[in-house]
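Undergrad: Next up, entry.csv (CSV, C-alpha atoms).
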```
chain,number,residue,atom,x,y,z
A,1,MET,CA,-178.7,-24.2,153.4
A,2,LYS,CA,-176.3,-25.4,150.8
A,3,HIS,CA,-173.5,-25.8,153.3
A,4,LEU,CA,-175.9,-27.6,155.7
A,5,LEU,CA,-176.9,-30.1,153.1
A,6,ILE,CA,-173.2,-30.8,152.1
A,7,SER,CA,-172.3,-31.2,155.8
A,8,THR,CA,-175.2,-33.6,156.3
A,9,ALA,CA,-174.3,-35.7,153.3
A,10,MET,CA,-170.6,-35.8,154.4
A,11,ALA,CA,-171.7,-36.9,157.9
A,12,ALA,CA,-173.8,-39.7,156.4
A,13,GLY,CA,-170.9,-40.9,154.3
A,14,LEU,CA,-172.8,-40.2,151.1
A,15,ALA,CA,-170.9,-39.5,147.9
A,16,LEU,CA,-171.5,-36.1,146.4
A,17,PRO,CA,-171.7,-35.6,142.6
A,18,ALA,CA,-168.8,-33.6,141.2
A,19,ALA,CA,-169.8,-30.1,140.3
A,20,ALA,CA,-169.7,-29.7,136.5
A,21,GLU,CA,-167.3,-26.9,135.3
A,22,THR,CA,-168.0,-24.4,132.6
A,23,LEU,CA,-165.5,-22.7,130.4
A,24,THR,CA,-166.7,-19.2,130.1
A,25,VAL,CA,-165.2,-17.4,127.1
A,26,GLY,CA,-165.5,-13.7,126.6
A,27,VAL,CA,-165.9,-12.9,122.9
A,28,ALA,CA,-165.0,-9.3,121.9
A,29,THR,CA,-165.2,-9.4,118.1
A,30,ALA,CA,-166.1,-7.1,115.3
A,31,GLN,CA,-169.5,-8.2,114.1
A,32,THR,CA,-170.0,-4.8,112.4
A,33,GLY,CA,-167.6,-2.4,110.8
A,34,ALA,CA,-164.5,-2.8,108.6
A,35,LEU,CA,-163.4,-6.1,110.3
A,36,ALA,CA,-166.8,-7.8,110.2
A,37,PRO,CA,-166.0,-9.6,106.9
A,38,PHE,CA,-163.4,-11.5,108.8
A,39,ASP,CA,-164.8,-11.8,112.4
A,40,ALA,CA,-168.3,-12.7,111.3
A,41,PRO,CA,-167.3,-15.9,109.4
A,42,VAL,CA,-164.9,-16.7,112.2
A,43,MET,CA,-167.8,-16.8,114.6
A,44,GLU,CA,-169.7,-19.1,112.4
A,45,GLY,CA,-166.9,-21.6,112.8
A,46,VAL,CA,-166.7,-20.9,116.5
A,47,MET,CA,-170.3,-21.8,116.9
A,48,ILE,CA,-169.9,-25.1,115.0
A,49,ALA,CA,-167.1,-26.2,117.4
A,50,VAL,CA,-168.9,-25.0,120.6
A,51,ASP,CA,-172.1,-26.8,119.7
A,52,GLU,CA,-170.2,-29.9,118.6
A,53,ILE,CA,-168.3,-30.1,121.9
A,54,ASN,CA,-171.3,-29.2,124.1
A,55,ASP,CA,-173.5,-31.7,122.4
A,56,ALA,CA,-171.0,-34.4,123.2
A,57,GLY,CA,-171.2,-33.5,126.9
A,58,GLY,CA,-168.6,-30.8,127.0
A,59,ILE,CA,-164.8,-30.7,127.0
A,60,GLY,CA,-163.6,-34.1,128.4
A,61,GLY,CA,-167.3,-35.0,128.6
A,62,ASP,CA,-168.2,-32.6,131.5
A,63,THR,CA,-167.0,-29.0,130.8
A,64,LYS,CA,-169.5,-27.1,128.8
A,65,ILE,CA,-168.5,-24.0,126.9
A,66,GLU,CA,-170.4,-20.7,127.4
A,67,LEU,CA,-169.8,-17.7,125.3
A,68,ILE,CA,-170.4,-14.1,126.4
A,69,GLN,CA,-170.4,-12.0,123.2
A,70,LYS,CA,-169.9,-8.3,122.6
A,71,ASP,CA,-169.7,-6.5,119.3
A,72,VAL,CA,-166.6,-4.1,119.3
A,73,ARG,CA,-167.7,-2.5,116.0
A,74,SER,CA,-164.2,-2.7,114.6
A,75,ASP,CA,-163.1,0.0,117.0
A,76,ALA,CA,-160.0,-0.1,119.2
A,77,ALA,CA,-161.6,2.0,122.1
A,78,GLN,CA,-164.7,-0.2,122.0
A,79,THR,CA,-162.6,-3.3,122.1
A,80,SER,CA,-160.9,-2.0,125.3
A,81,ILE,CA,-164.2,-1.3,126.9
A,82,ALA,CA,-165.7,-4.7,126.0
A,83,VAL,CA,-162.7,-6.6,127.2
A,84,GLN,CA,-162.8,-4.8,130.6
A,85,GLU,CA,-166.5,-5.6,130.9
A,86,LEU,CA,-165.8,-9.3,130.1
A,87,ALA,CA,-162.9,-9.4,132.5
A,88,ASP,CA,-165.1,-8.0,135.2
A,89,GLN,CA,-167.5,-10.9,134.6
A,90,GLY,CA,-164.8,-13.4,135.4
A,91,VAL,CA,-164.3,-15.1,132.1
A,92,SER,CA,-161.6,-17.8,131.8
A,93,ALA,CA,-160.5,-16.8,128.3
A,94,LEU,CA,-160.9,-14.0,125.9
A,95,ILE,CA,-161.4,-13.9,122.1
A,96,LEU,CA,-160.2,-10.7,120.5
A,97,PRO,CA,-160.8,-9.2,117.0
A,98,CYS,CA,-159.2,-10.1,113.7
A,99,ASP,CA,-156.6,-7.4,113.7
A,100,ALA,CA,-153.5,-6.6,115.9
A,101,ASP,CA,-154.4,-3.0,116.4
A,102,PRO,CA,-157.7,-3.3,118.3
A,103,SER,CA,-156.4,-6.4,120.1
A,104,LEU,CA,-153.4,-4.5,121.3
A,105,ALA,CA,-155.7,-1.8,122.7
A,106,ALA,CA,-156.7,-4.3,125.3
A,107,ILE,CA,-153.1,-5.2,126.4
A,108,GLY,CA,-153.3,-3.5,129.8
A,109,ILE,CA,-156.6,-5.2,130.7
A,110,VAL,CA,-155.5,-8.6,129.6
A,111,SER,CA,-152.2,-8.4,131.5
A,112,SER,CA,-153.8,-7.0,134.6
A,113,ALA,CA,-156.6,-9.5,134.7
A,114,GLN,CA,-154.2,-12.3,133.8
A,115,ILE,CA,-156.7,-13.9,131.4
A,116,PRO,CA,-155.4,-15.7,128.2
A,117,ALA,CA,-156.5,-13.8,125.1
A,118,ILE,CA,-156.5,-15.1,121.5
A,119,SER,CA,-157.1,-12.9,118.4
A,120,THR,CA,-159.5,-14.6,115.9
A,121,CYS,CA,-157.2,-14.1,113.0
A,122,ALA,CA,-154.7,-11.2,113.6
A,123,SER,CA,-151.4,-12.3,112.0
A,124,SER,CA,-148.9,-9.7,113.0
A,125,PRO,CA,-146.0,-11.4,114.9
A,126,THR,CA,-145.8,-8.2,117.0
A,127,LEU,CA,-149.1,-9.1,118.7
A,128,PRO,CA,-147.8,-11.5,121.4
A,129,GLU,CA,-144.5,-9.7,121.4
A,130,ILE,CA,-146.1,-6.4,122.5
A,131,GLY,CA,-149.0,-8.0,124.2
A,132,GLY,CA,-147.1,-10.1,126.7
A,133,GLU,CA,-147.4,-13.7,128.0
A,134,TYR,CA,-151.3,-13.7,128.0
A,135,MET,CA,-151.7,-12.7,124.4
A,136,PHE,CA,-151.9,-15.3,121.6
A,137,ALA,CA,-152.5,-15.4,117.9
A,138,ASN,CA,-154.5,-17.9,115.9
A,139,PHE,CA,-153.2,-17.5,112.4
A,140,PRO,CA,-149.9,-17.9,110.5
A,141,GLY,CA,-147.7,-14.9,111.2
A,142,ASP,CA,-147.1,-12.2,108.6
A,143,ASN,CA,-143.4,-12.9,108.5
A,144,VAL,CA,-144.1,-16.6,107.9
A,145,GLN,CA,-146.6,-15.9,105.2
A,146,ALA,CA,-144.3,-13.5,103.5
A,147,THR,CA,-141.5,-16.0,103.6
A,148,VAL,CA,-143.7,-18.6,101.9
A,149,SER,CA,-144.8,-16.2,99.2
A,150,ALA,CA,-141.3,-14.6,98.6
A,151,SER,CA,-139.7,-18.1,98.3
A,152,TRP,CA,-142.4,-19.2,95.9
A,153,ALA,CA,-141.9,-16.1,93.8
A,154,TRP,CA,-138.1,-16.7,93.7
A,155,ASP,CA,-138.6,-20.4,92.8
A,156,GLN,CA,-140.9,-19.3,89.9
A,157,GLY,CA,-138.0,-17.4,88.4
A,158,HIS,CA,-139.1,-13.9,89.5
A,159,ARG,CA,-136.1,-11.7,90.1
A,160,THR,CA,-137.5,-8.2,90.5
A,161,GLY,CA,-140.2,-7.0,92.8
A,162,TYR,CA,-142.3,-4.1,94.0
A,163,ILE,CA,-144.2,-3.8,97.2
A,164,ILE,CA,-147.3,-1.7,98.1
A,165,TYR,CA,-148.1,-1.4,101.8
A,166,SER,CA,-149.9,0.8,104.3
A,167,PRO,CA,-148.3,2.1,107.6
A,168,ASP,CA,-151.8,2.5,109.0
A,169,THR,CA,-152.0,-1.0,110.5
A,170,GLN,CA,-149.5,-3.7,111.5
A,171,TYR,CA,-151.1,-6.2,109.1
A,172,THR,CA,-150.7,-4.1,106.0
A,173,THR,CA,-147.0,-3.9,106.4
A,174,MET,CA,-146.6,-7.6,105.6
A,175,PRO,CA,-144.9,-6.6,102.2
A,176,LEU,CA,-141.9,-5.3,104.2
A,177,TYR,CA,-141.2,-8.9,105.3
A,178,PHE,CA,-141.7,-10.0,101.7
A,179,ALA,CA,-139.0,-7.5,100.6
A,180,ASP,CA,-136.7,-8.7,103.3
A,181,VAL,CA,-136.9,-12.4,102.2
A,182,PHE,CA,-136.9,-11.6,98.5
A,183,GLU,CA,-133.7,-9.6,98.7
A,184,GLU,CA,-132.2,-12.2,101.0
A,185,LEU,CA,-132.8,-14.8,98.3
A,186,GLY,CA,-131.1,-12.5,95.7
A,187,GLY,CA,-134.0,-10.6,94.3
A,188,GLU,CA,-134.1,-6.9,93.5
A,189,MET,CA,-136.8,-4.5,94.7
A,190,LEU,CA,-137.5,-1.9,92.0
A,191,GLY,CA,-139.6,0.2,94.4
A,192,ARG,CA,-142.2,0.5,97.1
A,193,ASP,CA,-145.3,2.6,97.5
A,194,THR,CA,-147.6,3.3,100.5
A,195,HIS,CA,-151.4,3.7,100.6
A,196,THR,CA,-153.9,4.7,103.3
A,197,ILE,CA,-156.6,2.4,104.6
A,198,GLY,CA,-159.8,3.1,102.7
A,199,GLN,CA,-158.0,4.7,99.7
A,200,GLN,CA,-160.1,4.5,96.6
A,201,ASP,CA,-157.8,5.8,93.9
A,202,PHE,CA,-154.7,3.9,93.1
A,203,SER,CA,-154.1,5.3,89.7
A,204,ALA,CA,-151.0,7.2,90.7
A,205,ILE,CA,-149.3,4.1,92.0
A,206,ALA,CA,-150.4,2.1,89.0
A,207,THR,CA,-149.0,4.7,86.6
A,208,ARG,CA,-145.6,4.7,88.4
A,209,ILE,CA,-145.3,1.0,88.1
A,210,ALA,CA,-146.5,0.9,84.5
A,211,ALA,CA,-143.8,3.4,83.6
A,212,LEU,CA,-141.0,1.1,84.9
A,213,ASP,CA,-139.0,-0.5,82.1
A,214,PRO,CA,-139.0,-3.4,82.5
A,215,GLN,CA,-141.9,-3.8,84.9
A,216,PRO,CA,-141.3,-5.8,88.1
A,217,ASP,CA,-141.7,-9.5,87.8
A,218,VAL,CA,-143.8,-9.6,91.0
A,219,ILE,CA,-145.9,-7.1,93.0
A,220,MET,CA,-146.8,-8.0,96.6
A,221,THR,CA,-149.4,-6.2,98.8
A,222,SER,CA,-151.4,-7.0,101.9
A,223,ALA,CA,-154.2,-4.6,101.0
A,224,TYR,CA,-157.7,-6.0,101.7
A,225,GLU,CA,-161.3,-5.0,101.1
A,226,PRO,CA,-162.3,-2.4,100.0
A,227,ASP,CA,-158.8,-1.3,99.0
A,228,PHE,CA,-157.5,-4.4,97.2
A,229,PRO,CA,-160.2,-4.6,94.5
A,230,SER,CA,-159.5,-0.9,93.6
A,231,LEU,CA,-155.8,-1.5,93.6
A,232,ILE,CA,-155.7,-4.6,91.3
A,233,LYS,CA,-158.2,-2.9,88.9
A,234,ALA,CA,-156.0,0.1,88.7
A,235,LEU,CA,-152.9,-1.9,88.0
A,236,ARG,CA,-154.4,-4.0,85.2
A,237,ALA,CA,-156.1,-0.9,83.7
A,238,ALA,CA,-152.6,0.8,83.5
A,239,GLY,CA,-151.2,-2.2,81.7
A,240,VAL,CA,-149.3,-3.7,84.5
A,241,GLU,CA,-148.9,-7.4,83.8
A,242,SER,CA,-146.7,-8.4,86.8
A,243,GLN,CA,-147.5,-11.4,88.9
A,244,ILE,CA,-149.5,-10.1,91.9
A,245,ILE,CA,-149.2,-11.8,95.3
A,246,GLY,CA,-151.6,-11.0,98.1
A,247,SER,CA,-152.2,-12.2,101.6
A,248,ASP,CA,-154.9,-13.9,103.7
A,249,GLY,CA,-157.0,-10.7,103.9
A,250,ILE,CA,-158.3,-11.2,100.3
A,251,ASP,CA,-159.5,-14.8,101.0
A,252,SER,CA,-163.0,-13.6,100.5
A,253,PRO,CA,-165.9,-13.9,98.0
A,254,THR,CA,-165.1,-10.5,96.7
A,255,THR,CA,-161.8,-11.6,95.3
A,256,PHE,CA,-163.3,-14.5,93.4
A,257,SER,CA,-166.0,-12.2,91.8
A,258,LEU,CA,-163.5,-9.8,90.3
A,259,GLY,CA,-163.3,-11.6,87.0
A,260,GLU,CA,-160.4,-11.4,84.6
A,261,VAL,CA,-158.4,-8.8,86.7
A,262,ALA,CA,-157.9,-11.3,89.5
A,263,GLU,CA,-157.1,-14.3,87.2
A,264,GLY,CA,-153.7,-15.7,88.2
A,265,LEU,CA,-153.5,-13.8,91.5
A,266,VAL,CA,-151.7,-15.8,94.2
A,267,PHE,CA,-152.2,-15.3,98.0
A,268,THR,CA,-151.3,-17.0,101.3
A,269,THR,CA,-153.9,-18.3,103.6
A,270,ALA,CA,-154.4,-20.7,106.5
A,271,GLY,CA,-155.6,-23.7,104.6
A,272,HIS,CA,-157.1,-25.4,101.5
A,273,PRO,CA,-159.5,-28.4,101.5
A,274,THR,CA,-157.5,-31.1,99.8
A,275,GLU,CA,-159.3,-34.5,99.4
A,276,GLY,CA,-159.7,-36.3,102.6
A,277,SER,CA,-158.4,-33.4,104.7
A,278,GLU,CA,-159.8,-32.1,108.0
A,279,LEU,CA,-160.7,-28.9,106.2
A,280,GLU,CA,-162.8,-30.8,103.7
A,281,ALA,CA,-164.6,-32.5,106.6
A,282,PHE,CA,-165.2,-29.2,108.3
A,283,ASN,CA,-166.6,-27.7,105.1
A,284,GLU,CA,-169.2,-30.5,105.0
A,285,LYS,CA,-170.2,-29.7,108.6
A,286,TYR,CA,-170.4,-26.0,107.7
A,287,GLU,CA,-172.6,-26.7,104.6
A,288,ALA,CA,-174.9,-29.0,106.7
A,289,ARG,CA,-175.4,-26.3,109.3
A,290,TYR,CA,-175.7,-23.1,107.2
A,291,ASN,CA,-177.1,-24.6,104.0
A,292,LYS,CA,-174.4,-23.1,101.8
A,293,PRO,CA,-170.7,-23.9,101.1
A,294,PRO,CA,-168.1,-21.8,103.0
A,295,GLU,CA,-166.8,-18.9,101.0
A,296,THR,CA,-163.7,-18.3,103.1
A,297,VAL,CA,-161.2,-20.1,105.2
A,298,PHE,CA,-162.0,-17.8,108.2
A,299,ASN,CA,-164.9,-20.1,109.1
A,300,ALA,CA,-162.5,-22.9,109.7
A,301,VAL,CA,-160.1,-20.6,111.6
A,302,GLY,CA,-162.9,-20.0,114.1
A,303,TYR,CA,-163.3,-23.7,114.6
A,304,ASP,CA,-159.6,-24.0,115.1
A,305,LEU,CA,-159.6,-21.4,117.9
A,306,ILE,CA,-162.2,-23.4,119.9
A,307,LYS,CA,-160.2,-26.7,119.4
A,308,VAL,CA,-157.2,-24.9,120.8
A,309,LEU,CA,-159.1,-23.8,123.9
A,310,GLU,CA,-160.5,-27.3,124.2
A,311,ALA,CA,-157.0,-28.8,124.1
A,312,ALA,CA,-155.8,-26.2,126.7
A,313,VAL,CA,-158.6,-27.1,129.1
A,314,GLU,CA,-157.9,-30.9,128.7
A,315,ALA,CA,-154.1,-30.3,129.3
A,316,ALA,CA,-154.7,-28.1,132.3
A,317,GLY,CA,-157.5,-30.1,133.8
A,318,SER,CA,-158.9,-26.8,134.8
A,319,THR,CA,-160.7,-23.7,133.6
A,320,ASP,CA,-158.5,-21.4,135.8
A,321,PRO,CA,-157.2,-18.6,133.6
A,322,GLN,CA,-153.6,-18.9,134.8
A,323,GLU,CA,-153.5,-22.7,134.3
A,324,LEU,CA,-155.2,-22.3,130.9
A,325,ARG,CA,-152.5,-19.8,129.8
A,326,ASP,CA,-149.7,-22.1,130.9
A,327,ALA,CA,-151.3,-25.1,129.1
A,328,LEU,CA,-152.0,-23.1,126.0
A,329,ALA,CA,-148.4,-22.0,125.8
A,330,ASN,CA,-147.3,-25.6,125.8
A,331,LEU,CA,-149.8,-27.1,123.3
A,332,GLU,CA,-148.3,-29.3,120.5
A,333,ASN,CA,-149.9,-30.6,117.4
A,334,VAL,CA,-153.5,-29.7,118.1
A,335,GLN,CA,-155.6,-30.9,115.2
A,336,GLY,CA,-157.6,-28.1,113.8
A,337,ALA,CA,-159.7,-27.9,110.7
A,338,THR,CA,-157.0,-26.2,108.7
A,339,SER,CA,-153.8,-27.9,110.1
A,340,LEU,CA,-151.9,-29.0,113.1
A,341,ILE,CA,-151.3,-26.2,115.5
A,342,THR,CA,-148.4,-25.8,118.0
A,343,TYR,CA,-147.6,-23.1,120.6
A,344,LYS,CA,-144.8,-24.8,122.5
A,345,GLY,CA,-141.5,-23.2,121.9
A,346,THR,CA,-143.1,-20.0,120.5
A,347,ASN,CA,-143.9,-16.6,122.0
A,348,GLY,CA,-147.6,-17.0,121.3
A,349,MET,CA,-147.6,-17.1,117.5
A,350,PRO,CA,-148.7,-20.6,116.4
A,351,VAL,CA,-146.7,-22.9,114.2
A,352,ARG,CA,-149.1,-24.0,111.6
A,353,GLU,CA,-149.4,-24.6,107.9
A,354,VAL,CA,-149.5,-21.9,105.2
A,355,SER,CA,-151.3,-22.5,101.9
A,356,LEU,CA,-150.6,-20.8,98.6
A,357,VAL,CA,-153.7,-20.4,96.6
A,358,ARG,CA,-154.2,-19.2,93.0
A,359,VAL,CA,-157.3,-17.6,91.6
A,360,LYS,CA,-158.2,-19.7,88.5
A,361,ASP,CA,-161.5,-19.3,86.6
A,362,GLY,CA,-163.0,-17.5,89.7
A,363,LYS,CA,-162.2,-20.5,92.0
A,364,ARG,CA,-159.4,-21.5,94.4
A,365,GLU,CA,-156.5,-23.6,93.0
A,366,LEU,CA,-154.0,-25.0,95.5
A,367,VAL,CA,-150.4,-24.0,94.5
A,368,ALA,CA,-148.5,-25.4,97.4
A,369,GLN,CA,-148.5,-26.0,101.2
A,370,PRO,CA,-144.7,-25.5,101.8
A,371,THR,CA,-142.8,-25.4,105.0
A,372,PRO,CA,-140.8,-22.2,105.0
A,373,ASP,CA,-137.0,-22.2,105.7
A,374,PRO,CA,-136.7,-21.1,109.4
A,375,ASP,CA,-133.5,-19.3,108.6
A,376,LEU,CA,-135.3,-17.0,106.1
A,377,ILE,CA,-138.2,-16.0,108.4
A,378,PRO,CA,-137.6,-12.3,109.4
A,379,ALA,CA,-137.8,-11.3,113.0
A,380,PRO,CA,-140.9,-9.3,114.0
A,381,ARG,CA,-140.6,-5.6,113.2
A,382,MET,CA,-142.2,-2.8,115.0
A,383,GLN,CA,-143.7,-0.2,112.6
```
For this file, produce the structure as structure tokens.
TA:
Amino acid sequence: MKHLLISTAMAAGLALPAAAETLTVGVATAQTGALAPFDAPVMEGVMIAVDEINDAGGIGGDTKIELIQKDVRSDAAQTSIAVQELADQGVSALILPCDADPSLAAIGIVSSAQIPAISTCASSPTLPEIGGEYMFANFPGDNVQATVSASWAWDQGHRTGYIIYSPDTQYTTMPLYFADVFEELGGEMLGRDTHTIGQQDFSAIATRIAALDPQPDVIMTSAYEPDFPSLIKALRAAGVESQIIGSDGIDSPTTFSLGEVAEGLVFTTAGHPTEGSELEAFNEKYEARYNKPPETVFNAVGYDLIKVLEAAVEAAGSTDPQELRDALANLENVQGATSLITYKGTNGMPVREVSLVRVKDGKRELVAQPTPDPDLIPAPRMQ
């Protein structure tokens, strides 16, 4: 009947209305489990962007965004299952969890289905390198963040360092990049320790560092909840007074509720709401919607992800997965809530701003938003 009506209309010379397209996005994120503190706030930002675009008529005024969501429960195997189910449903793009390891579990499916996939906030530069041409990140790379923090430490006059990392995930090896850059600048690493994910007792590590004479000027770690609070408490309890540098994984309410032990802590993250900035404007939108101020930058990172997909659809003029992938890979200066975002000339890791933030009186204080020296950025390392 549909074909008959179309044929009749064509025969009569009548103009047919253009069929509205829909960008169907498969969302396989961790709404429960260890990664939920990151993916849950990301999804709040995603929803602000989706509703904002759809309320304005859709991407380009006519392409609405539809999300099909599945909770992967912070599990790699469940991520793979969810992504296969979403691919079978014919989605045009995929959103993957905030960690390289579960995202990489879906490599085979993403590559086979040829659907562009973006991790919410995984920062390992190995993600697109291992994942192939359909895998993208949505966050400053570990090697870039480490270059920023190591350069800052050197500029502050710190000349000796110590790193604490975990071989359990790609993300928690960020300190290895820090050591590479710090030594390249002329710094000396006094030692390194490893920990396991979920480790509760850091007293042995703290005792070893406290026994060093002199103590290192700076200690860098990419431990996150619940490990990081235990680690920093153990260090301070042992009398370690070194400058501690963390990473984006501790950009959470927990860090700012630690009190005196966290005072002076510096960490890298994706943005800071300076006066008149896009992030300040986003934070106002967030508060209007959720009746509370945002407690982490990951809300804005979710908004950024949808703005990237919007820009890809506009550039491609299509929701076809292959055309979207090609358009995404060539995006330049997409305005997100946190910064401008560029993929052109990269392998899927975005070029975007990194902010250095200090904990001061239980609040965020912007230290700097530097552009790292490209010559210092280490190549991705496979762990």
Undergrad: Go ahead and compute the interatomic distance for CA of Tyr165 in chain A and CA of Val181 in chain A, in Å to one decimal.
TA: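 Rounded to one decimal, the two atoms are 15.7 Å apart.
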Undergrad: Measuring atom to atom with only C-alpha atoms, identify which of A:Ala56, A:Val313, A:Cys98, A:Ile130 is nearest to Thr22 in chain A.
TA: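 Using only C-alpha atoms, Thr22 in chain A sits closest to A:Val313.
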Undergrad: Any idea what the distance is between CA of Ser80 in chain A and CA of Ala329 in chain A?
TA: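 Computing it gives 23.6 Å between the two atoms.
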Undergrad: Would you compute the distance between CA of Ala36 in chain A and CA of Ser252 in chain A? Give it in Å to one decimal.
TA: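 Answer for the CA of Ala36 in chain A to CA of Ser252 in chain A separation: 11.9 Å.
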Undergrad: May I ask which of the residues A:Met349, A:Val240, A:Ala270, A:Ile48 is the closest one to Lys285 in chain A, counting all atoms listed in the file?
TA: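 Answer, going by the shortest atom-to-atom distance: A:Ile48.
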Undergrad: Excluding range 368-383 of chain A and residues on its chain fewer than 6 positions from it, collect all residues at most 7 Å away from it, counting only C-alpha atoms, and give them as a PyMOL selection string.
TA: chain A and resi 125-126+143-144+147-148+170+177+181+353-356
Undergrad: Dump C-alpha atoms for the selected residues as a PDB file, in the frame of the given file?
TA:
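New file part16.pdb:
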```pdb
ATOM      1  CA  PRO A 125    -146.000 -11.400 114.900  1.00  0.00           C
ATOM      2  CA  THR A 126    -145.800  -8.200 117.000  1.00  0.00           C
ATOM      3  CA  ASN A 143    -143.400 -12.900 108.500  1.00  0.00           C
ATOM      4  CA  VAL A 144    -144.100 -16.600 107.900  1.00  0.00           C
ATOM      5  CA  THR A 147    -141.500 -16.000 103.600  1.00  0.00           C
ATOM      6  CA  VAL A 148    -143.700 -18.600 101.900  1.00  0.00           C
ATOM      7  CA  GLN A 170    -149.500  -3.700 111.500  1.00  0.00           C
ATOM      8  CA  TYR A 177    -141.200  -8.900 105.300  1.00  0.00           C
ATOM      9  CA  VAL A 181    -136.900 -12.400 102.200  1.00  0.00           C
ATOM     10  CA  GLU A 353    -149.400 -24.600 107.900  1.00  0.00           C
ATOM     11  CA  VAL A 354    -149.500 -21.900 105.200  1.00  0.00           C
ATOM     12  CA  SER A 355    -151.300 -22.500 101.900  1.00  0.00           C
ATOM     13  CA  LEU A 356    -150.600 -20.800  98.600  1.00  0.00           C
TER      14      LEU A 356
END
```
Undergrad: Looking at only C-alpha atoms, which of A:Pro116, A:Ala238, A:Ile245, A:Gln84 is the one that sits closest to Gly161 in chain A?
TA: A:Ile245
Undergrad: Residues at most 9 Å from Ala311 in chain A, counting all atoms listed in the file, excluding those fewer than 4 positions away in the same chain, as an MDAnalysis selection string?
TA: chainID A and resid 59 306:307 315:316 327:328 331 334
Undergrad: Leaving out Trp154 in chain A and any residue of its chain fewer than 5 positions from it, which residues lie within 8 Å of it when counting all atoms listed in the file, given as a compact mmCIF listing (two decimals) with C-alpha atoms, keeping the file's coordinate frame?
TA:
```txt
# COMPACT_ATOMS: atom_id res chain seq x y z
CA ARG A 159 -136.10 -11.70 90.10
CA PHE A 182 -136.90 -11.60 98.50
CA LEU A 185 -132.80 -14.80 98.30
CA GLY A 187 -134.00 -10.60 94.30
```
Undergrad: Measuring between all atoms listed in the file, which one of A:Gly58, A:Pro102, A:Gly90, A:Gly246 shows the shortest distance to Ser149 in chain A?
TA: A:Gly246
Undergrad: Name the closest residue to Asn138 in chain A among the candidates A:Ile95, A:Leu190, A:Val266, A:Ile107; distances are taken between atoms, counting all atoms listed in the file.
TA: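 When distances to Asn138 in chain A are compared using all atoms listed in the file, the smallest one comes from A:Ile95.
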Undergrad: Which is closest to Gln243 in chain A among A:Asp217, A:Asp227, A:Asp168, A:Asp88, if we use only C-alpha atoms?
TA: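 Checking each candidate against Gln243 in chain A, we get A:Asp217 as the closest.
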Undergrad: Hey, could you make a per-residue contact list for range 106-128 of chain A against range 28-31 of chain A with 12 Å as the cut-off, showing the nearest pair of atoms and its distance in Å to one decimal, counting all atoms listed in the file, sorted by chain and number, as CSV?
TA:
```
residue,atom,partner,partner_atom,distance
A:Ala106,CA,A:Ala28,CA,10.3
A:Ala117,CA,A:Ala28,CA,10.1
A:Ile118,CA,A:Ala28,CA,10.3
A:Ser119,CA,A:Thr29,CA,8.8
A:Thr120,CA,A:Thr29,CA,8.0
A:Cys121,CA,A:Thr29,CA,10.6
A:Ala122,CA,A:Thr29,CA,11.6
```
Undergrad: Quick one: residues within 8 Å of Arg325 in chain A, only C-alpha atoms counted, chain neighbours fewer than 6 positions away excluded, as a PyMOL selection string?
TA: chain A and resi 115-116+134+312
Undergrad: Anything within 7 Å of (-165.4, -15.9, 105.7): list those residues as a PyMOL selection string, counting all atoms listed in the file and sticking to the file's coordinates.
TA: chain A and resi 37-38+41-42+252+295-299
Undergrad: Using all atoms listed in the file, determine which residues lie at most 12 Å from Glu21 in chain A, disregarding the query and same-chain residues fewer than 2 positions distant; provide the list as an mmCIF file with C-alpha atoms, keeping the file's coordinate frame.
TA:
```
data_model
loop_
_atom_site.group_PDB
_atom_site.id
_atom_site.type_symbol
_atom_site.label_atom_id
_atom_site.label_comp_id
_atom_site.auth_asym_id
_atom_site.auth_seq_id
_atom_site.Cartn_x
_atom_site.Cartn_y
_atom_site.Cartn_z
ATOM 1 C CA ALA A 18 -168.800 -33.600 141.200
ATOM 2 C CA ALA A 19 -169.800 -30.100 140.300
ATOM 3 C CA LEU A 23 -165.500 -22.700 130.400
ATOM 4 C CA THR A 24 -166.700 -19.200 130.100
ATOM 5 C CA GLY A 57 -171.200 -33.500 126.900
ATOM 6 C CA GLY A 58 -168.600 -30.800 127.000
ATOM 7 C CA ILE A 59 -164.800 -30.700 127.000
ATOM 8 C CA GLY A 60 -163.600 -34.100 128.400
ATOM 9 C CA GLY A 61 -167.300 -35.000 128.600
ATOM 10 C CA ASP A 62 -168.200 -32.600 131.500
ATOM 11 C CA THR A 63 -167.000 -29.000 130.800
ATOM 12 C CA LYS A 64 -169.500 -27.100 128.800
ATOM 13 C CA ILE A 65 -168.500 -24.000 126.900
ATOM 14 C CA GLU A 66 -170.400 -20.700 127.400
ATOM 15 C CA SER A 92 -161.600 -17.800 131.800
ATOM 16 C CA VAL A 313 -158.600 -27.100 129.100
ATOM 17 C CA GLY A 317 -157.500 -30.100 133.800
ATOM 18 C CA SER A 318 -158.900 -26.800 134.800
ATOM 19 C CA THR A 319 -160.700 -23.700 133.600
ATOM 20 C CA ASP A 320 -158.500 -21.400 135.800
#
```
